[in-house]
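data13.pdb follows; it contains PDB, C-alpha atoms.
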```
MODEL        1
ATOM      1  CA  MET A1283       0.000   0.000   0.000  1.00  0.00           C
ATOM      2  CA  SER A1284       1.422   3.373  -0.942  1.00  0.00           C
ATOM      3  CA  ALA A1285       1.464   6.475   1.235  1.00  0.00           C
ATOM      4  CA  ASN A1286      -0.855   8.273  -1.178  1.00  0.00           C
ATOM      5  CA  SER A1287      -3.631   5.717  -0.814  1.00  0.00           C
ATOM      6  CA  THR A1288      -4.010   6.094   2.968  1.00  0.00           C
ATOM      7  CA  ASN A1289      -6.661   8.395   4.309  1.00  0.00           C
ATOM      8  CA  ILE A1290      -4.702  10.654   6.615  1.00  0.00           C
ATOM      9  CA  PRO A1291      -6.535  13.874   7.549  1.00  0.00           C
ATOM     10  CA  SER A1292      -4.721  17.087   6.842  1.00  0.00           C
ATOM     11  CA  ALA A1293      -3.497  19.242   9.679  1.00  0.00           C
ATOM     12  CA  SER A1294      -6.011  22.011   8.991  1.00  0.00           C
ATOM     13  CA  SER A1295      -9.002  19.644   9.007  1.00  0.00           C
ATOM     14  CA  ALA A1296      -7.766  17.882  12.120  1.00  0.00           C
ATOM     15  CA  LEU A1297      -7.633  21.222  13.924  1.00  0.00           C
ATOM     16  CA  GLY A1298     -11.063  22.275  12.685  1.00  0.00           C
ATOM     17  CA  ASN A1299      -9.619  25.051  10.512  1.00  0.00           C
ATOM     18  CA  SER A1300     -11.408  24.149   7.355  1.00  0.00           C
ATOM     19  CA  VAL A1301     -11.308  26.972   4.850  1.00  0.00           C
ATOM     20  CA  PRO A1302     -14.087  27.013   2.284  1.00  0.00           C
ATOM     21  CA  LYS A1303     -12.780  26.783  -1.218  1.00  0.00           C
ATOM     22  CA  THR A1304     -13.628  29.851  -3.269  1.00  0.00           C
ATOM     23  CA  SER A1305     -12.466  30.950  -6.622  1.00  0.00           C
ATOM     24  CA  ALA A1306     -10.061  33.854  -6.859  1.00  0.00           C
ATOM     25  CA  HIS A1307     -12.656  35.851  -8.800  1.00  0.00           C
ATOM     26  CA  SER A1308     -15.614  35.468  -6.483  1.00  0.00           C
ATOM     27  CA  ASN A1309     -16.347  38.609  -4.560  1.00  0.00           C
ATOM     28  CA  SER A1310     -19.188  39.568  -2.254  1.00  0.00           C
ATOM     29  CA  PHE A1311     -19.250  43.111  -3.704  1.00  0.00           C
ATOM     30  CA  PRO A1312     -21.086  43.860  -6.933  1.00  0.00           C
ATOM     31  CA  PRO A1313     -18.879  44.993  -9.826  1.00  0.00           C
ATOM     32  CA  LYS A1314     -18.367  48.734  -9.901  1.00  0.00           C
ATOM     33  CA  GLU A1315     -19.729  50.604 -12.860  1.00  0.00           C
ATOM     34  CA  LYS A1316     -17.335  53.092 -14.387  1.00  0.00           C
ATOM     35  CA  LYS A1317     -18.785  56.561 -14.641  1.00  0.00           C
ATOM     36  CA  LYS A1318     -18.599  58.136 -18.054  1.00  0.00           C
ATOM     37  CA  LYS A1319     -16.466  61.251 -17.854  1.00  0.00           C
ATOM     38  CA  GLU A1320     -18.207  64.311 -19.142  1.00  0.00           C
ATOM     39  CA  SER A1321     -16.239  67.248 -20.402  1.00  0.00           C
ATOM     40  CA  ILE A1322     -17.116  70.612 -18.902  1.00  0.00           C
ATOM     41  CA  ILE A1323     -16.073  72.177 -22.194  1.00  0.00           C
ATOM     42  CA  ASP A1324     -18.809  72.004 -24.821  1.00  0.00           C
ATOM     43  CA  LEU A1325     -17.171  72.891 -28.116  1.00  0.00           C
ATOM     44  CA  ASN A1326     -20.070  71.481 -30.133  1.00  0.00           C
ATOM     45  CA  ARG A1327     -21.855  74.820 -29.923  1.00  0.00           C
ATOM     46  CA  TYR A1328     -18.954  76.356 -31.898  1.00  0.00           C
ATOM     47  CA  ILE A1329     -19.200  73.900 -34.811  1.00  0.00           C
ATOM     48  CA  ASN A1330     -19.057  75.822 -38.123  1.00  0.00           C
ATOM     49  CA  LYS A1331     -17.971  78.974 -36.268  1.00  0.00           C
ATOM     50  CA  ASN A1332     -14.603  80.686 -36.272  1.00  0.00           C
ATOM     51  CA  VAL A1333     -12.438  79.794 -33.241  1.00  0.00           C
ATOM     52  CA  ARG A1334      -8.908  80.661 -32.173  1.00  0.00           C
ATOM     53  CA  VAL A1335      -6.674  77.982 -30.644  1.00  0.00           C
ATOM     54  CA  LYS A1336      -3.472  78.428 -28.639  1.00  0.00           C
ATOM     55  CA  PHE A1337      -1.082  75.498 -28.332  1.00  0.00           C
ATOM     56  CA  GLY A1338       1.699  74.597 -25.934  1.00  0.00           C
ATOM     57  CA  GLY A1339       4.909  76.130 -27.221  1.00  0.00           C
ATOM     58  CA  GLY A1340       3.251  79.366 -28.320  1.00  0.00           C
ATOM     59  CA  ARG A1341       1.624  78.519 -31.665  1.00  0.00           C
ATOM     60  CA  GLU A1342      -1.728  80.118 -32.459  1.00  0.00           C
ATOM     61  CA  VAL A1343      -4.212  79.370 -35.211  1.00  0.00           C
ATOM     62  CA  SER A1344      -7.753  80.341 -36.086  1.00  0.00           C
ATOM     63  CA  GLY A1345     -10.217  78.578 -38.324  1.00  0.00           C
ATOM     64  CA  ILE A1346     -13.714  77.205 -38.682  1.00  0.00           C
ATOM     65  CA  LEU A1347     -14.350  74.366 -36.225  1.00  0.00           C
ATOM     66  CA  LYS A1348     -15.595  71.365 -38.207  1.00  0.00           C
ATOM     67  CA  GLY A1349     -15.453  68.682 -35.519  1.00  0.00           C
ATOM     68  CA  CYS A1350     -14.174  67.828 -32.050  1.00  0.00           C
ATOM     69  CA  ASP A1351     -14.242  65.140 -29.365  1.00  0.00           C
ATOM     70  CA  GLN A1352     -14.045  64.915 -25.562  1.00  0.00           C
ATOM     71  CA  PHE A1353     -10.214  64.908 -25.699  1.00  0.00           C
ATOM     72  CA  LEU A1354     -10.151  68.342 -27.423  1.00  0.00           C
ATOM     73  CA  ASN A1355      -8.971  66.841 -30.698  1.00  0.00           C
ATOM     74  CA  MET A1356     -10.312  69.265 -33.297  1.00  0.00           C
ATOM     75  CA  VAL A1357     -10.606  69.657 -37.039  1.00  0.00           C
ATOM     76  CA  LEU A1358     -10.302  73.239 -38.314  1.00  0.00           C
ATOM     77  CA  ASP A1359     -10.945  74.399 -41.867  1.00  0.00           C
ATOM     78  CA  ASN A1360      -9.692  77.604 -43.552  1.00  0.00           C
ATOM     79  CA  THR A1361      -7.018  77.709 -40.866  1.00  0.00           C
ATOM     80  CA  VAL A1362      -4.634  80.629 -40.495  1.00  0.00           C
ATOM     81  CA  GLU A1363      -1.467  80.362 -38.375  1.00  0.00           C
ATOM     82  CA  TYR A1364      -0.195  83.493 -36.661  1.00  0.00           C
ATOM     83  CA  LEU A1365       3.584  83.469 -37.063  1.00  0.00           C
ATOM     84  CA  ARG A1366       5.897  84.047 -34.118  1.00  0.00           C
ATOM     85  CA  ASP A1367       8.989  86.139 -33.646  1.00  0.00           C
ATOM     86  CA  PRO A1368      12.099  83.914 -34.104  1.00  0.00           C
ATOM     87  CA  ASP A1369      13.800  85.639 -31.148  1.00  0.00           C
ATOM     88  CA  ASP A1370      10.804  85.334 -28.796  1.00  0.00           C
ATOM     89  CA  PRO A1371       8.605  82.288 -29.583  1.00  0.00           C
ATOM     90  CA  PHE A1372       5.758  83.634 -27.423  1.00  0.00           C
ATOM     91  CA  LYS A1373       5.505  86.949 -29.300  1.00  0.00           C
ATOM     92  CA  LEU A1374       3.414  87.156 -32.481  1.00  0.00           C
ATOM     93  CA  THR A1375       4.761  89.133 -35.443  1.00  0.00           C
ATOM     94  CA  GLY A1376       1.479  90.015 -37.152  1.00  0.00           C
ATOM     95  CA  GLU A1377       2.351  87.849 -40.169  1.00  0.00           C
ATOM     96  CA  THR A1378       0.136  84.881 -41.049  1.00  0.00           C
ATOM     97  CA  ARG A1379       0.188  81.856 -43.309  1.00  0.00           C
ATOM     98  CA  GLN A1380      -2.736  79.901 -44.714  1.00  0.00           C
ATOM     99  CA  LEU A1381      -2.898  76.232 -43.628  1.00  0.00           C
ATOM    100  CA  GLU A1382      -6.412  75.223 -44.825  1.00  0.00           C
ATOM    101  CA  LEU A1383      -7.605  71.913 -43.219  1.00  0.00           C
ATOM    102  CA  VAL A1384      -5.864  71.115 -39.901  1.00  0.00           C
ATOM    103  CA  VAL A1385      -6.233  68.391 -37.268  1.00  0.00           C
ATOM    104  CA  CYS A1386      -5.364  69.721 -33.806  1.00  0.00           C
ATOM    105  CA  LYS A1387      -4.200  67.135 -31.293  1.00  0.00           C
ATOM    106  CA  GLY A1388      -6.060  67.616 -28.007  1.00  0.00           C
ATOM    107  CA  PRO A1389      -3.188  67.250 -25.492  1.00  0.00           C
ATOM    108  CA  SER A1390      -1.300  70.115 -27.140  1.00  0.00           C
ATOM    109  CA  VAL A1391      -4.282  72.506 -26.945  1.00  0.00           C
ATOM    110  CA  GLU A1392      -4.031  75.058 -24.144  1.00  0.00           C
ATOM    111  CA  LEU A1393      -6.808  77.502 -24.986  1.00  0.00           C
ATOM    112  CA  VAL A1394      -9.818  77.583 -27.313  1.00  0.00           C
ATOM    113  CA  PHE A1395     -12.044  80.614 -27.684  1.00  0.00           C
ATOM    114  CA  PRO A1396     -14.383  82.097 -30.279  1.00  0.00           C
ATOM    115  CA  ALA A1397     -12.574  84.390 -32.694  1.00  0.00           C
ATOM    116  CA  ASP A1398     -15.524  86.807 -32.617  1.00  0.00           C
ATOM    117  CA  GLY A1399     -15.032  87.494 -28.925  1.00  0.00           C
ATOM    118  CA  MET A1400     -15.691  85.884 -25.599  1.00  0.00           C
ATOM    119  CA  GLU A1401     -18.828  85.654 -23.555  1.00  0.00           C
ATOM    120  CA  PRO A1402     -18.940  85.195 -19.789  1.00  0.00           C
ATOM    121  CA  ILE A1403     -20.045  81.797 -18.489  1.00  0.00           C
ATOM    122  CA  ALA A1404     -20.992  80.575 -15.030  1.00  0.00           C
ATOM    123  CA  ASN A1405     -18.176  78.910 -13.099  1.00  0.00           C
ATOM    124  CA  PRO A1406     -19.024  75.164 -12.971  1.00  0.00           C
ATOM    125  CA  PHE A1407     -16.885  74.670  -9.822  1.00  0.00           C
ATOM    126  CA  VAL A1408     -18.604  77.210  -7.565  1.00  0.00           C
ATOM    127  CA  GLN A1409     -20.723  75.588  -4.860  1.00  0.00           C
ATOM    128  CA  PRO A1410     -24.131  77.214  -4.395  1.00  0.00           C
ATOM    129  CA  THR A1411     -24.460  79.116  -1.130  1.00  0.00           C
ATOM    130  CA  GLU A1412     -27.633  78.990   0.886  1.00  0.00           C
TER     131      GLU A1412
ENDMDL
END
```
Structure re-expressed in structure tokens:
Amino acid sequence: MSANSTNIPSASSALGNSVPKTSAHSNSFPPKEKKKKESIIDLNRYINKNVRVKFGGGREVSGILKGCDQFLNMVLDNTVEYLRDPDDPFKLTGETRQLELVVCKGPSVELVFPADGMEPIANPFVQPTE
């Protein structure tokens, strides 16, 4: 008779420390639902309107907003770039160049505003006071 065929109780069962077998994925908590992030910036109201965009590094363009997403990726048409001074990259010279259709990558966008002017909006972070 081999040692494997004998019925010897394990140490944990002999001591009364039986641990129920559960799978690693079973959990008593329900799965959490991920909340969909909503952007506080609604650029859709500026579709087909002239906007001006400032990028990291000092570049500035203006054009007609044709499309955008929640990451601030934008498509501009009839785009004009405002050229910078070679000695001071944050100073505009007044010269421009025509770029036509441009795709703006969202992470590089620092500021977007209507080219016609700005309008005041309510601060979405202010808590109402009673």
Considering all atoms listed in the file, return as number ranges by chain whatever protein or nucleic-acid residues lie within 9 Å of Thr1378 (chain A), sequence-local ones (same chain, fewer than 4 positions apart) excluded.
A: 1362-1365
From (-5.5, 77.1, -41.7), in the file's coordinates, out to 8 Å: which residues are reached, counting only C-alpha atoms? Answer as a ChimeraX atom specification.
/A:1343-1345,1358-1363,1379-1384
Would you put the residues from that selection into a file with C-alpha atoms, as a tab-separated table (two decimals), keeping the file's coordinate frame?
```tsv
chain	number	residue	atom	x	y	z
A	1343	VAL	CA	-4.21	79.37	-35.21
A	1344	SER	CA	-7.75	80.34	-36.09
A	1345	GLY	CA	-10.22	78.58	-38.32
A	1358	LEU	CA	-10.30	73.24	-38.31
A	1359	ASP	CA	-10.94	74.40	-41.87
A	1360	ASN	CA	-9.69	77.60	-43.55
A	1361	THR	CA	-7.02	77.71	-40.87
A	1362	VAL	CA	-4.63	80.63	-40.49
A	1363	GLU	CA	-1.47	80.36	-38.38
A	1379	ARG	CA	0.19	81.86	-43.31
A	1380	GLN	CA	-2.74	79.90	-44.71
A	1381	LEU	CA	-2.90	76.23	-43.63
A	1382	GLU	CA	-6.41	75.22	-44.82
A	1383	LEU	CA	-7.60	71.91	-43.22
A	1384	VAL	CA	-5.86	71.11	-39.90
```
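CA of Phe1337 (chain A) sits 9.0 Å away from CA of Val1394 (chain A).
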Can you report as lines of an AutoDock Vina configuration file the centre and edge lengths in Å, to one decimal, of an axis-aligned box around the listed atoms of region 1329-1339 of chain A padded with 4 Å on each side?
```
center_x = -7.1
center_y = 77.3
center_z = -32.0
size_x = 32.1
size_y = 14.8
size_z = 20.2
```
Could you state which residues are captured by the PyMOL selection byres ((chain A and resi 1336) around 8) in this file, as number ranges by chain?
A: 1334-1335, 1337-1338, 1340-1343, 1391-1394
The PyMOL selection byres ((chain A and resi 1323) around 12) resolved against shown file, as a VMD selection string:
chain A and resid 1319 to 1322 1324 to 1328 1350 to 1354 1393 to 1395 1403 1405 to 1406
Could you dump the residues just selected with C-alpha atoms as an mmCIF file, in the frame of the given file?
```cif
data_model
loop_
_atom_site.group_PDB
_atom_site.id
_atom_site.type_symbol
_atom_site.label_atom_id
_atom_site.label_comp_id
_atom_site.auth_asym_id
_atom_site.auth_seq_id
_atom_site.Cartn_x
_atom_site.Cartn_y
_atom_site.Cartn_z
ATOM 1 C CA LYS A 1319 -16.466 61.251 -17.854
ATOM 2 C CA GLU A 1320 -18.207 64.311 -19.142
ATOM 3 C CA SER A 1321 -16.239 67.248 -20.402
ATOM 4 C CA ILE A 1322 -17.116 70.612 -18.902
ATOM 5 C CA ASP A 1324 -18.809 72.004 -24.821
ATOM 6 C CA LEU A 1325 -17.171 72.891 -28.116
ATOM 7 C CA ASN A 1326 -20.070 71.481 -30.133
ATOM 8 C CA ARG A 1327 -21.855 74.820 -29.923
ATOM 9 C CA TYR A 1328 -18.954 76.356 -31.898
ATOM 10 C CA CYS A 1350 -14.174 67.828 -32.050
ATOM 11 C CA ASP A 1351 -14.242 65.140 -29.365
ATOM 12 C CA GLN A 1352 -14.045 64.915 -25.562
ATOM 13 C CA PHE A 1353 -10.214 64.908 -25.699
ATOM 14 C CA LEU A 1354 -10.151 68.342 -27.423
ATOM 15 C CA LEU A 1393 -6.808 77.502 -24.986
ATOM 16 C CA VAL A 1394 -9.818 77.583 -27.313
ATOM 17 C CA PHE A 1395 -12.044 80.614 -27.684
ATOM 18 C CA ILE A 1403 -20.045 81.797 -18.489
ATOM 19 C CA ASN A 1405 -18.176 78.910 -13.099
ATOM 20 C CA PRO A 1406 -19.024 75.164 -12.971
#
```
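You will find CA of Arg1366 (chain A) at 17.2 Å from CA of Ser1390 (chain A).
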In Å, how far is it from CA of Val1408 (chain A) to CA of Met1356 (chain A)?
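Rounded to one decimal, the two atoms are 28.2 Å apart.
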Evaluate the PyMOL selection byres ((chain A and resi 1331) around 8) on the structure here and hand back the selected residues as a compact mmCIF listing (two decimals) with C-alpha atoms, in the frame of the given file.
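Everything below was put into out_22.txt:
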```txt
# COMPACT_ATOMS: atom_id res chain seq x y z
CA TYR A 1328 -18.95 76.36 -31.90
CA ILE A 1329 -19.20 73.90 -34.81
CA ASN A 1330 -19.06 75.82 -38.12
CA ASN A 1332 -14.60 80.69 -36.27
CA VAL A 1333 -12.44 79.79 -33.24
CA ILE A 1346 -13.71 77.20 -38.68
CA LEU A 1347 -14.35 74.37 -36.22
CA PRO A 1396 -14.38 82.10 -30.28
```
Using only C-alpha atoms, which of the listed residues (A:Pro1371, A:Glu1401, A:Asn1355, A:Thr1411) sits closest to Gly1388 (chain A)?
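Counting only C-alpha atoms, the residue closest to Gly1388 (chain A) is A:Asn1355.
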As a PDB file, in the frame of the given file, could you write out region 1355-1391 of chain A once it has been completed with N, CA and C atoms?
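Full text of result_9.pdb as output:
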```
ATOM      1  N   ASN A1355      -9.458  66.985 -29.331  1.00  0.00           N
ATOM      2  CA  ASN A1355      -8.971  66.841 -30.698  1.00  0.00           C
ATOM      3  C   ASN A1355      -9.961  67.605 -31.571  1.00  0.00           C
ATOM      4  N   MET A1356      -9.443  68.421 -32.489  1.00  0.00           N
ATOM      5  CA  MET A1356     -10.312  69.265 -33.297  1.00  0.00           C
ATOM      6  C   MET A1356      -9.894  69.238 -34.750  1.00  0.00           C
ATOM      7  N   VAL A1357     -10.859  69.474 -35.616  1.00  0.00           N
ATOM      8  CA  VAL A1357     -10.606  69.657 -37.039  1.00  0.00           C
ATOM      9  C   VAL A1357     -11.012  71.087 -37.368  1.00  0.00           C
ATOM     10  N   LEU A1358     -10.061  71.851 -37.920  1.00  0.00           N
ATOM     11  CA  LEU A1358     -10.302  73.239 -38.314  1.00  0.00           C
ATOM     12  C   LEU A1358     -10.145  73.362 -39.819  1.00  0.00           C
ATOM     13  N   ASP A1359     -11.025  74.142 -40.432  1.00  0.00           N
ATOM     14  CA  ASP A1359     -10.945  74.399 -41.867  1.00  0.00           C
ATOM     15  C   ASP A1359     -10.657  75.884 -42.079  1.00  0.00           C
ATOM     16  N   ASN A1360     -10.104  76.221 -43.241  1.00  0.00           N
ATOM     17  CA  ASN A1360      -9.692  77.604 -43.552  1.00  0.00           C
ATOM     18  C   ASN A1360      -8.810  78.162 -42.441  1.00  0.00           C
ATOM     19  N   THR A1361      -7.857  77.373 -42.020  1.00  0.00           N
ATOM     20  CA  THR A1361      -7.018  77.709 -40.866  1.00  0.00           C
ATOM     21  C   THR A1361      -5.910  78.683 -41.242  1.00  0.00           C
ATOM     22  N   VAL A1362      -5.698  79.644 -40.347  1.00  0.00           N
ATOM     23  CA  VAL A1362      -4.634  80.629 -40.495  1.00  0.00           C
ATOM     24  C   VAL A1362      -3.733  80.517 -39.268  1.00  0.00           C
ATOM     25  N   GLU A1363      -2.424  80.380 -39.492  1.00  0.00           N
ATOM     26  CA  GLU A1363      -1.467  80.362 -38.375  1.00  0.00           C
ATOM     27  C   GLU A1363      -0.887  81.758 -38.214  1.00  0.00           C
ATOM     28  N   TYR A1364      -0.805  82.200 -36.979  1.00  0.00           N
ATOM     29  CA  TYR A1364      -0.195  83.493 -36.661  1.00  0.00           C
ATOM     30  C   TYR A1364       1.267  83.230 -36.342  1.00  0.00           C
ATOM     31  N   LEU A1365       2.155  83.773 -37.174  1.00  0.00           N
ATOM     32  CA  LEU A1365       3.584  83.469 -37.063  1.00  0.00           C
ATOM     33  C   LEU A1365       4.203  84.185 -35.871  1.00  0.00           C
ATOM     34  N   ARG A1366       5.234  83.538 -35.320  1.00  0.00           N
ATOM     35  CA  ARG A1366       5.897  84.047 -34.118  1.00  0.00           C
ATOM     36  C   ARG A1366       7.232  84.673 -34.449  1.00  0.00           C
ATOM     37  N   ASP A1367       7.676  85.496 -33.539  1.00  0.00           N
ATOM     38  CA  ASP A1367       8.989  86.139 -33.646  1.00  0.00           C
ATOM     39  C   ASP A1367      10.057  85.067 -33.403  1.00  0.00           C
ATOM     40  N   PRO A1368      11.058  84.932 -34.297  1.00  0.00           N
ATOM     41  CA  PRO A1368      12.099  83.914 -34.104  1.00  0.00           C
ATOM     42  C   PRO A1368      12.909  84.120 -32.816  1.00  0.00           C
ATOM     43  N   ASP A1369      13.027  85.367 -32.366  1.00  0.00           N
ATOM     44  CA  ASP A1369      13.800  85.639 -31.148  1.00  0.00           C
ATOM     45  C   ASP A1369      12.998  85.371 -29.878  1.00  0.00           C
ATOM     46  N   ASP A1370      11.683  85.559 -29.951  1.00  0.00           N
ATOM     47  CA  ASP A1370      10.804  85.334 -28.796  1.00  0.00           C
ATOM     48  C   ASP A1370       9.618  84.488 -29.270  1.00  0.00           C
ATOM     49  N   PRO A1371       9.648  83.164 -29.033  1.00  0.00           N
ATOM     50  CA  PRO A1371       8.605  82.288 -29.583  1.00  0.00           C
ATOM     51  C   PRO A1371       7.206  82.546 -29.025  1.00  0.00           C
ATOM     52  N   PHE A1372       7.075  83.345 -27.972  1.00  0.00           N
ATOM     53  CA  PHE A1372       5.758  83.634 -27.423  1.00  0.00           C
ATOM     54  C   PHE A1372       5.215  84.980 -27.886  1.00  0.00           C
ATOM     55  N   LYS A1373       5.932  85.654 -28.779  1.00  0.00           N
ATOM     56  CA  LYS A1373       5.505  86.949 -29.300  1.00  0.00           C
ATOM     57  C   LYS A1373       5.106  86.787 -30.763  1.00  0.00           C
ATOM     58  N   LEU A1374       3.897  87.237 -31.101  1.00  0.00           N
ATOM     59  CA  LEU A1374       3.414  87.156 -32.481  1.00  0.00           C
ATOM     60  C   LEU A1374       3.936  88.333 -33.296  1.00  0.00           C
ATOM     61  N   THR A1375       4.204  88.084 -34.581  1.00  0.00           N
ATOM     62  CA  THR A1375       4.761  89.133 -35.443  1.00  0.00           C
ATOM     63  C   THR A1375       3.694  89.907 -36.199  1.00  0.00           C
ATOM     64  N   GLY A1376       2.509  89.382 -36.329  1.00  0.00           N
ATOM     65  CA  GLY A1376       1.479  90.015 -37.152  1.00  0.00           C
ATOM     66  C   GLY A1376       1.388  89.379 -38.526  1.00  0.00           C
ATOM     67  N   GLU A1377       2.380  88.562 -38.894  1.00  0.00           N
ATOM     68  CA  GLU A1377       2.351  87.849 -40.169  1.00  0.00           C
ATOM     69  C   GLU A1377       1.556  86.557 -39.994  1.00  0.00           C
ATOM     70  N   THR A1378       0.923  86.117 -41.090  1.00  0.00           N
ATOM     71  CA  THR A1378       0.136  84.881 -41.049  1.00  0.00           C
ATOM     72  C   THR A1378       0.499  84.004 -42.236  1.00  0.00           C
ATOM     73  N   ARG A1379       0.093  82.749 -42.153  1.00  0.00           N
ATOM     74  CA  ARG A1379       0.188  81.856 -43.309  1.00  0.00           C
ATOM     75  C   ARG A1379      -1.050  80.973 -43.332  1.00  0.00           C
ATOM     76  N   GLN A1380      -1.523  80.688 -44.530  1.00  0.00           N
ATOM     77  CA  GLN A1380      -2.736  79.901 -44.714  1.00  0.00           C
ATOM     78  C   GLN A1380      -2.400  78.414 -44.622  1.00  0.00           C
ATOM     79  N   LEU A1381      -3.137  77.666 -43.789  1.00  0.00           N
ATOM     80  CA  LEU A1381      -2.898  76.232 -43.628  1.00  0.00           C
ATOM     81  C   LEU A1381      -4.031  75.372 -44.171  1.00  0.00           C
ATOM     82  N   GLU A1382      -5.209  75.937 -44.359  1.00  0.00           N
ATOM     83  CA  GLU A1382      -6.412  75.223 -44.825  1.00  0.00           C
ATOM     84  C   GLU A1382      -6.886  74.210 -43.777  1.00  0.00           C
ATOM     85  N   LEU A1383      -7.047  72.917 -44.131  1.00  0.00           N
ATOM     86  CA  LEU A1383      -7.605  71.913 -43.219  1.00  0.00           C
ATOM     87  C   LEU A1383      -6.541  71.417 -42.248  1.00  0.00           C
ATOM     88  N   VAL A1384      -6.839  71.479 -40.936  1.00  0.00           N
ATOM     89  CA  VAL A1384      -5.864  71.115 -39.901  1.00  0.00           C
ATOM     90  C   VAL A1384      -6.531  70.225 -38.862  1.00  0.00           C
ATOM     91  N   VAL A1385      -5.794  69.210 -38.397  1.00  0.00           N
ATOM     92  CA  VAL A1385      -6.233  68.391 -37.268  1.00  0.00           C
ATOM     93  C   VAL A1385      -5.393  68.800 -36.067  1.00  0.00           C
ATOM     94  N   CYS A1386      -6.050  69.276 -35.025  1.00  0.00           N
ATOM     95  CA  CYS A1386      -5.364  69.721 -33.806  1.00  0.00           C
ATOM     96  C   CYS A1386      -5.421  68.604 -32.774  1.00  0.00           C
ATOM     97  N   LYS A1387      -4.271  68.206 -32.285  1.00  0.00           N
ATOM     98  CA  LYS A1387      -4.200  67.135 -31.293  1.00  0.00           C
ATOM     99  C   LYS A1387      -4.546  67.702 -29.917  1.00  0.00           C
ATOM    100  N   GLY A1388      -5.522  67.109 -29.257  1.00  0.00           N
ATOM    101  CA  GLY A1388      -6.060  67.616 -28.007  1.00  0.00           C
ATOM    102  C   GLY A1388      -5.061  67.894 -26.898  1.00  0.00           C
ATOM    103  N   PRO A1389      -4.107  66.989 -26.599  1.00  0.00           N
ATOM    104  CA  PRO A1389      -3.188  67.250 -25.492  1.00  0.00           C
ATOM    105  C   PRO A1389      -2.310  68.482 -25.677  1.00  0.00           C
ATOM    106  N   SER A1390      -2.135  68.936 -26.909  1.00  0.00           N
ATOM    107  CA  SER A1390      -1.300  70.115 -27.140  1.00  0.00           C
ATOM    108  C   SER A1390      -2.098  71.417 -27.065  1.00  0.00           C
ATOM    109  N   VAL A1391      -3.425  71.319 -26.996  1.00  0.00           N
ATOM    110  CA  VAL A1391      -4.282  72.506 -26.945  1.00  0.00           C
ATOM    111  C   VAL A1391      -4.273  73.088 -25.539  1.00  0.00           C
TER     112      VAL A1391
END
```
